$ cat run_30.txt   # compact mmCIF, N, CA and C atoms
# COMPACT_ATOMS: atom_id res chain seq x y z
N MET A 149 0.85 -1.18 0.00
CA MET A 149 0.00 0.00 0.00
C MET A 149 0.89 1.24 0.00
N PRO A 150 0.65 2.17 -0.93
CA PRO A 150 1.48 3.39 -0.97
C PRO A 150 1.21 4.27 0.24
N PRO A 151 2.22 5.03 0.64
CA PRO A 151 2.01 5.93 1.79
C PRO A 151 0.94 6.97 1.49
N ARG A 152 0.15 7.26 2.49
CA ARG A 152 -0.91 8.26 2.37
C ARG A 152 -0.32 9.65 2.56
N PRO A 153 -0.64 10.60 1.69
CA PRO A 153 -0.10 11.95 1.87
C PRO A 153 -0.63 12.58 3.16
N LEU A 154 0.17 13.41 3.74
CA LEU A 154 -0.20 14.07 5.00
C LEU A 154 -0.71 15.48 4.76
N ALA A 155 -1.42 15.67 3.69
CA ALA A 155 -1.96 16.99 3.39
C ALA A 155 -2.93 17.41 4.49
N ILE A 156 -2.98 18.68 4.76
CA ILE A 156 -3.88 19.21 5.78
C ILE A 156 -5.25 19.40 5.13
N GLY A 157 -6.25 18.82 5.74
CA GLY A 157 -7.60 18.85 5.19
C GLY A 157 -8.38 20.08 5.62
N PRO A 158 -9.67 20.12 5.28
CA PRO A 158 -10.51 21.28 5.58
C PRO A 158 -10.62 21.59 7.07
N ALA A 159 -10.71 20.57 7.90
CA ALA A 159 -10.81 20.81 9.35
C ALA A 159 -9.52 21.42 9.89
N GLY A 160 -8.38 20.91 9.41
CA GLY A 160 -7.09 21.45 9.84
C GLY A 160 -6.90 22.89 9.38
N ASN A 161 -7.32 23.18 8.16
CA ASN A 161 -7.23 24.56 7.66
C ASN A 161 -8.13 25.49 8.45
N ALA A 162 -9.35 25.04 8.75
CA ALA A 162 -10.27 25.88 9.52
C ALA A 162 -9.73 26.13 10.92
N ALA A 163 -9.17 25.09 11.55
CA ALA A 163 -8.60 25.25 12.90
C ALA A 163 -7.43 26.22 12.87
N ALA A 164 -6.59 26.12 11.85
CA ALA A 164 -5.43 27.02 11.74
C ALA A 164 -5.89 28.48 11.68
N HIS A 165 -6.90 28.75 10.87
CA HIS A 165 -7.40 30.12 10.74
C HIS A 165 -8.10 30.58 12.01
N THR A 166 -8.80 29.68 12.69
CA THR A 166 -9.47 30.04 13.94
C THR A 166 -8.44 30.35 15.02
N ILE A 167 -7.36 29.57 15.08
CA ILE A 167 -6.30 29.85 16.06
C ILE A 167 -5.73 31.24 15.81
N GLU A 168 -5.44 31.55 14.56
CA GLU A 168 -4.87 32.86 14.24
C GLU A 168 -5.84 33.99 14.58
N ARG A 169 -7.10 33.85 14.20
CA ARG A 169 -8.10 34.89 14.49
C ARG A 169 -8.27 35.09 16.00
N THR A 170 -8.33 33.99 16.74
CA THR A 170 -8.50 34.09 18.19
C THR A 170 -7.28 34.72 18.83
N ARG A 171 -6.09 34.33 18.38
CA ARG A 171 -4.85 34.90 18.92
C ARG A 171 -4.80 36.40 18.72
N THR A 172 -5.10 36.85 17.51
CA THR A 172 -5.04 38.29 17.24
C THR A 172 -6.15 39.03 17.98
N ALA A 173 -7.31 38.42 18.12
CA ALA A 173 -8.41 39.06 18.87
C ALA A 173 -8.04 39.23 20.34
N ARG A 174 -7.22 38.31 20.87
CA ARG A 174 -6.79 38.40 22.27
C ARG A 174 -5.58 39.32 22.44
N GLY A 175 -5.02 39.78 21.31
CA GLY A 175 -3.89 40.72 21.38
C GLY A 175 -2.54 40.08 21.57
N TYR A 176 -2.42 38.78 21.28
CA TYR A 176 -1.14 38.09 21.42
C TYR A 176 -0.39 38.08 20.09
N SER A 177 0.91 38.28 20.16
CA SER A 177 1.76 38.02 18.99
C SER A 177 2.03 36.52 18.97
N GLN A 178 2.57 36.03 17.88
CA GLN A 178 2.94 34.61 17.83
C GLN A 178 3.99 34.30 18.90
N ARG A 179 4.93 35.19 19.10
CA ARG A 179 5.96 34.97 20.13
C ARG A 179 5.34 34.90 21.53
N GLN A 180 4.39 35.79 21.82
CA GLN A 180 3.76 35.78 23.13
C GLN A 180 2.96 34.51 23.37
N LEU A 181 2.18 34.09 22.38
CA LEU A 181 1.38 32.88 22.54
C LEU A 181 2.29 31.66 22.70
N ALA A 182 3.32 31.56 21.87
CA ALA A 182 4.25 30.43 21.98
C ALA A 182 4.92 30.39 23.36
N ALA A 183 5.30 31.55 23.87
CA ALA A 183 5.93 31.62 25.20
C ALA A 183 4.97 31.17 26.29
N ARG A 184 3.70 31.55 26.17
CA ARG A 184 2.70 31.16 27.17
C ARG A 184 2.40 29.66 27.10
N VAL A 185 2.37 29.13 25.89
CA VAL A 185 2.18 27.68 25.73
C VAL A 185 3.36 26.94 26.36
N THR A 186 4.57 27.43 26.11
CA THR A 186 5.76 26.82 26.70
C THR A 186 5.72 26.91 28.22
N ALA A 187 5.24 28.02 28.75
CA ALA A 187 5.14 28.19 30.21
C ALA A 187 4.17 27.18 30.83
N LEU A 188 3.21 26.71 30.03
CA LEU A 188 2.27 25.68 30.51
C LEU A 188 2.91 24.29 30.53
N GLY A 189 4.10 24.18 29.92
CA GLY A 189 4.79 22.90 29.90
C GLY A 189 4.78 22.21 28.54
N ARG A 190 4.22 22.86 27.54
CA ARG A 190 4.20 22.31 26.18
C ARG A 190 5.14 23.17 25.34
N SER A 191 6.35 22.70 25.10
CA SER A 191 7.36 23.47 24.39
C SER A 191 6.88 23.85 22.99
N MET A 192 6.95 25.16 22.69
CA MET A 192 6.54 25.64 21.38
C MET A 192 7.33 26.90 21.03
N THR A 193 7.83 26.94 19.81
CA THR A 193 8.50 28.14 19.31
C THR A 193 7.49 28.95 18.50
N PHE A 194 7.79 30.21 18.29
CA PHE A 194 6.89 31.02 17.47
C PHE A 194 6.90 30.52 16.03
N THR A 195 8.01 29.93 15.60
CA THR A 195 8.07 29.37 14.25
C THR A 195 7.11 28.19 14.12
N ALA A 196 7.05 27.35 15.14
CA ALA A 196 6.12 26.22 15.12
C ALA A 196 4.68 26.73 15.07
N LEU A 197 4.38 27.76 15.85
CA LEU A 197 3.04 28.34 15.84
C LEU A 197 2.73 28.93 14.47
N SER A 198 3.69 29.60 13.87
CA SER A 198 3.51 30.15 12.54
C SER A 198 3.19 29.05 11.53
N HIS A 199 3.87 27.91 11.65
CA HIS A 199 3.62 26.79 10.75
C HIS A 199 2.23 26.20 10.95
N ILE A 200 1.74 26.22 12.19
CA ILE A 200 0.39 25.75 12.47
C ILE A 200 -0.64 26.71 11.87
N GLU A 201 -0.43 27.99 12.04
CA GLU A 201 -1.39 29.00 11.58
C GLU A 201 -1.43 29.15 10.06
N ARG A 202 -0.33 28.89 9.37
CA ARG A 202 -0.30 29.17 7.92
C ARG A 202 -1.14 28.27 7.05
N PRO A 203 -1.46 27.15 7.10
CA PRO A 203 -0.99 25.96 7.81
C PRO A 203 0.03 25.18 6.97
N VAL A 204 1.23 25.11 7.49
CA VAL A 204 2.32 24.38 6.84
C VAL A 204 2.45 22.99 7.44
N CYS A 205 2.17 22.88 8.73
CA CYS A 205 2.24 21.57 9.38
C CYS A 205 1.01 21.37 10.25
N ARG A 206 0.74 20.11 10.56
CA ARG A 206 -0.42 19.75 11.36
C ARG A 206 -0.25 20.20 12.81
N CYS A 207 -1.36 20.45 13.45
CA CYS A 207 -1.36 20.81 14.86
C CYS A 207 -1.58 19.55 15.68
N ASP A 208 -0.63 19.20 16.50
CA ASP A 208 -0.73 18.06 17.40
C ASP A 208 -1.85 18.32 18.41
N ILE A 209 -2.56 17.28 18.82
CA ILE A 209 -3.68 17.45 19.74
C ILE A 209 -3.23 18.08 21.06
N ASP A 210 -2.05 17.73 21.55
CA ASP A 210 -1.55 18.32 22.79
C ASP A 210 -1.25 19.81 22.60
N ASP A 211 -0.75 20.18 21.42
CA ASP A 211 -0.53 21.60 21.12
C ASP A 211 -1.87 22.33 21.08
N LEU A 212 -2.88 21.71 20.45
CA LEU A 212 -4.20 22.32 20.35
C LEU A 212 -4.79 22.59 21.73
N VAL A 213 -4.67 21.62 22.64
CA VAL A 213 -5.19 21.79 24.00
C VAL A 213 -4.46 22.92 24.71
N ALA A 214 -3.14 22.97 24.59
CA ALA A 214 -2.37 24.04 25.25
C ALA A 214 -2.69 25.40 24.65
N ILE A 215 -2.80 25.49 23.33
CA ILE A 215 -3.14 26.76 22.68
C ILE A 215 -4.52 27.22 23.13
N ALA A 216 -5.48 26.31 23.15
CA ALA A 216 -6.84 26.65 23.58
C ALA A 216 -6.84 27.15 25.02
N THR A 217 -6.08 26.51 25.89
CA THR A 217 -6.01 26.92 27.30
C THR A 217 -5.49 28.34 27.42
N VAL A 218 -4.39 28.63 26.74
CA VAL A 218 -3.81 29.98 26.80
C VAL A 218 -4.78 31.01 26.24
N LEU A 219 -5.50 30.65 25.19
CA LEU A 219 -6.42 31.60 24.56
C LEU A 219 -7.75 31.72 25.31
N GLY A 220 -7.91 30.94 26.38
CA GLY A 220 -9.16 31.00 27.13
C GLY A 220 -10.31 30.41 26.34
N SER A 221 -10.00 29.41 25.55
CA SER A 221 -10.98 28.79 24.67
C SER A 221 -11.00 27.29 24.94
N THR A 222 -11.65 26.54 24.08
CA THR A 222 -11.64 25.09 24.17
C THR A 222 -11.15 24.52 22.84
N PRO A 223 -10.61 23.31 22.86
CA PRO A 223 -10.21 22.69 21.59
C PRO A 223 -11.40 22.59 20.62
N GLN A 224 -12.59 22.28 21.15
CA GLN A 224 -13.77 22.16 20.29
C GLN A 224 -14.07 23.47 19.57
N THR A 225 -13.92 24.58 20.27
CA THR A 225 -14.18 25.89 19.66
C THR A 225 -13.17 26.17 18.55
N LEU A 226 -11.91 25.83 18.80
CA LEU A 226 -10.88 26.06 17.78
C LEU A 226 -11.05 25.13 16.58
N LEU A 227 -11.66 23.97 16.80
CA LEU A 227 -11.88 23.02 15.71
C LEU A 227 -13.14 23.31 14.92
N ALA A 228 -14.10 24.00 15.54
CA ALA A 228 -15.37 24.25 14.87
C ALA A 228 -15.18 25.28 13.75
N SER A 229 -15.52 24.88 12.56
CA SER A 229 -15.44 25.78 11.41
C SER A 229 -16.62 26.74 11.46
N PRO A 230 -16.43 27.97 11.04
CA PRO A 230 -17.57 28.89 10.99
C PRO A 230 -18.66 28.39 10.05
N LEU A 231 -18.32 27.44 9.18
CA LEU A 231 -19.30 26.89 8.24
C LEU A 231 -19.96 25.63 8.77
N THR A 232 -19.55 25.16 9.98
CA THR A 232 -20.13 23.96 10.56
C THR A 232 -21.50 24.30 11.12
N PRO A 233 -22.56 23.59 10.68
CA PRO A 233 -23.90 23.89 11.19
C PRO A 233 -23.99 23.55 12.68
N PRO A 234 -24.76 24.31 13.47
CA PRO A 234 -24.94 24.00 14.88
C PRO A 234 -25.46 22.58 15.04
N GLY A 235 -24.93 21.87 16.03
CA GLY A 235 -25.37 20.50 16.28
C GLY A 235 -24.62 19.47 15.49
N ALA A 236 -23.81 19.88 14.50
CA ALA A 236 -23.03 18.94 13.72
C ALA A 236 -21.79 18.53 14.51
N ALA A 237 -21.25 17.36 14.21
CA ALA A 237 -20.03 16.90 14.88
C ALA A 237 -18.95 17.95 14.69
N GLY A 238 -18.28 18.32 15.78
CA GLY A 238 -17.22 19.31 15.71
C GLY A 238 -17.69 20.71 16.05
N ALA A 239 -19.01 20.89 16.21
CA ALA A 239 -19.53 22.21 16.56
C ALA A 239 -19.88 22.23 18.04
N GLY A 240 -19.11 22.98 18.81
CA GLY A 240 -19.39 23.11 20.24
C GLY A 240 -19.23 21.81 20.98
N GLU A 241 -20.11 21.52 21.91
CA GLU A 241 -20.05 20.32 22.74
C GLU A 241 -20.44 19.10 21.92
N MET A 242 -19.82 17.99 22.22
CA MET A 242 -20.16 16.73 21.55
C MET A 242 -20.93 15.85 22.48
$ encode --input "run_30.txt" --output "structure tokens"
Amino acid sequence: MPPRPLAIGPAGNAAAHTIERTRTARGYSQRQLAARVTALGRSMTFTALSHIERPVCRCDIDDLVAIATVLGSTPQTLLASPLTPPGAAGAGEM
């Protein structure tokens, strides 16, 4: 079986944009958010955060939880696409 490409799909792209929008709405630079995530015990550089937001690389679930915590949000909120209908999987509480 050939290796499956690791392309970032629609959910990953939506999460990347939501992380960036939430970060800027909270007034954090990428360096500030990365430093706060690191202070929580999840090592992150601003370059890694930039790669998540662009999206150049996938966001690890542990990174997502730490980013959500620093942003005062939840992983579910960061994963919910603005186009996800209410009550659909991935929108708010499951």
$ residues_around --input "run_30.txt" --residues "range 154-167 of chain A" --least-positions-apart "4" --cutoff "10 Å" --atoms "only C-alpha atoms" --output "MDAnalysis selection string"
chainID A and resid 171:173 197:207 212 215:216 219 221 223:232 238
$ write_last_selection --input "run_30.txt" --atoms "N, CA and C atoms" --output "tab-separated table (two decimals), in the coordinates of the input"
chain	number	residue	atom	x	y	z
A	171	ARG	N	-6.09	34.33	18.38
A	171	ARG	CA	-4.85	34.90	18.92
A	171	ARG	C	-4.80	36.40	18.72
A	172	THR	N	-5.10	36.85	17.51
A	172	THR	CA	-5.04	38.29	17.24
A	172	THR	C	-6.15	39.03	17.98
A	173	ALA	N	-7.31	38.42	18.12
A	173	ALA	CA	-8.41	39.06	18.87
A	173	ALA	C	-8.04	39.23	20.34
A	197	LEU	N	4.38	27.76	15.85
A	197	LEU	CA	3.04	28.34	15.84
A	197	LEU	C	2.73	28.93	14.47
A	198	SER	N	3.69	29.60	13.87
A	198	SER	CA	3.51	30.15	12.54
A	198	SER	C	3.19	29.05	11.53
A	199	HIS	N	3.87	27.91	11.65
A	199	HIS	CA	3.62	26.79	10.75
A	199	HIS	C	2.23	26.20	10.95
A	200	ILE	N	1.74	26.22	12.19
A	200	ILE	CA	0.39	25.75	12.47
A	200	ILE	C	-0.64	26.71	11.87
A	201	GLU	N	-0.43	27.99	12.04
A	201	GLU	CA	-1.39	29.00	11.58
A	201	GLU	C	-1.43	29.15	10.06
A	202	ARG	N	-0.33	28.89	9.37
A	202	ARG	CA	-0.30	29.17	7.92
A	202	ARG	C	-1.14	28.27	7.05
A	203	PRO	N	-1.46	27.15	7.10
A	203	PRO	CA	-0.99	25.96	7.81
A	203	PRO	C	0.03	25.18	6.97
A	204	VAL	N	1.23	25.11	7.49
A	204	VAL	CA	2.32	24.38	6.84
A	204	VAL	C	2.45	22.99	7.44
A	205	CYS	N	2.17	22.88	8.73
A	205	CYS	CA	2.24	21.57	9.38
A	205	CYS	C	1.01	21.37	10.25
A	206	ARG	N	0.74	20.11	10.56
A	206	ARG	CA	-0.42	19.75	11.36
A	206	ARG	C	-0.25	20.20	12.81
A	207	CYS	N	-1.36	20.45	13.45
A	207	CYS	CA	-1.36	20.81	14.86
A	207	CYS	C	-1.58	19.55	15.68
A	212	LEU	N	-2.88	21.71	20.45
A	212	LEU	CA	-4.20	22.32	20.35
A	212	LEU	C	-4.79	22.59	21.73
A	215	ILE	N	-2.80	25.49	23.33
A	215	ILE	CA	-3.14	26.76	22.68
A	215	ILE	C	-4.52	27.22	23.13
A	216	ALA	N	-5.48	26.31	23.15
A	216	ALA	CA	-6.84	26.65	23.58
A	216	ALA	C	-6.84	27.15	25.02
A	219	LEU	N	-5.50	30.65	25.19
A	219	LEU	CA	-6.42	31.60	24.56
A	219	LEU	C	-7.75	31.72	25.31
A	221	SER	N	-10.00	29.41	25.55
A	221	SER	CA	-10.98	28.79	24.67
A	221	SER	C	-11.00	27.29	24.94
A	223	PRO	N	-10.61	23.31	22.86
A	223	PRO	CA	-10.21	22.69	21.59
A	223	PRO	C	-11.40	22.59	20.62
A	224	GLN	N	-12.59	22.28	21.15
A	224	GLN	CA	-13.77	22.16	20.29
A	224	GLN	C	-14.07	23.47	19.57
A	225	THR	N	-13.92	24.58	20.27
A	225	THR	CA	-14.18	25.89	19.66
A	225	THR	C	-13.17	26.17	18.55
A	226	LEU	N	-11.91	25.83	18.80
A	226	LEU	CA	-10.88	26.06	17.78
A	226	LEU	C	-11.05	25.13	16.58
A	227	LEU	N	-11.66	23.97	16.80
A	227	LEU	CA	-11.88	23.02	15.71
A	227	LEU	C	-13.14	23.31	14.92
A	228	ALA	N	-14.10	24.00	15.54
A	228	ALA	CA	-15.37	24.25	14.87
A	228	ALA	C	-15.18	25.28	13.75
A	229	SER	N	-15.52	24.88	12.56
A	229	SER	CA	-15.44	25.78	11.41
A	229	SER	C	-16.62	26.74	11.46
A	230	PRO	N	-16.43	27.97	11.04
A	230	PRO	CA	-17.57	28.89	10.99
A	230	PRO	C	-18.66	28.39	10.05
A	231	LEU	N	-18.32	27.44	9.18
A	231	LEU	CA	-19.30	26.89	8.24
A	231	LEU	C	-19.96	25.63	8.77
A	232	THR	N	-19.55	25.16	9.98
A	232	THR	CA	-20.13	23.96	10.56
A	232	THR	C	-21.50	24.30	11.12
A	238	GLY	N	-18.28	18.32	15.78
A	238	GLY	CA	-17.22	19.31	15.71
A	238	GLY	C	-17.69	20.71	16.05
$ select_by_dssp --input "run_30.txt" --residues "chain A" --states "alpha helix (DSSP H)" --output "PyMOL selection string"
chain A and resi 158-173+178-187+194-201+209-218+223-227
$ closest_residue --input "run_30.txt" --among "A:Asp208, A:Arg169, A:Gly220, A:Thr193" --to "Leu181 in chain A" --atoms "only N, CA and C atoms"
A:Thr193
$ atom_distance --input "run_30.txt" --atom1 "atom C of Asp210 in chain A" --atom2 "atom N of Pro151 in chain A"
26.7 Å
$ residues_around --input "run_30.txt" --residues "Arg190 in chain A" --least-positions-apart "6" --cutoff "8 Å" --atoms "all atoms listed in the file" --output "list in words"
Ala182, Arg184, Asp210, Asp211 and Ala214 of chain A
$ atom_distance --input "run_30.txt" --atom1 "CA of Ile209 in chain A" --atom2 "CA of Gly175 in chain A"
23.3 Å
$ atom_distance --input "run_30.txt" --atom1 "atom N of Phe194 in chain A" --atom2 "CA of Arg179 in chain A"
5.4 Å
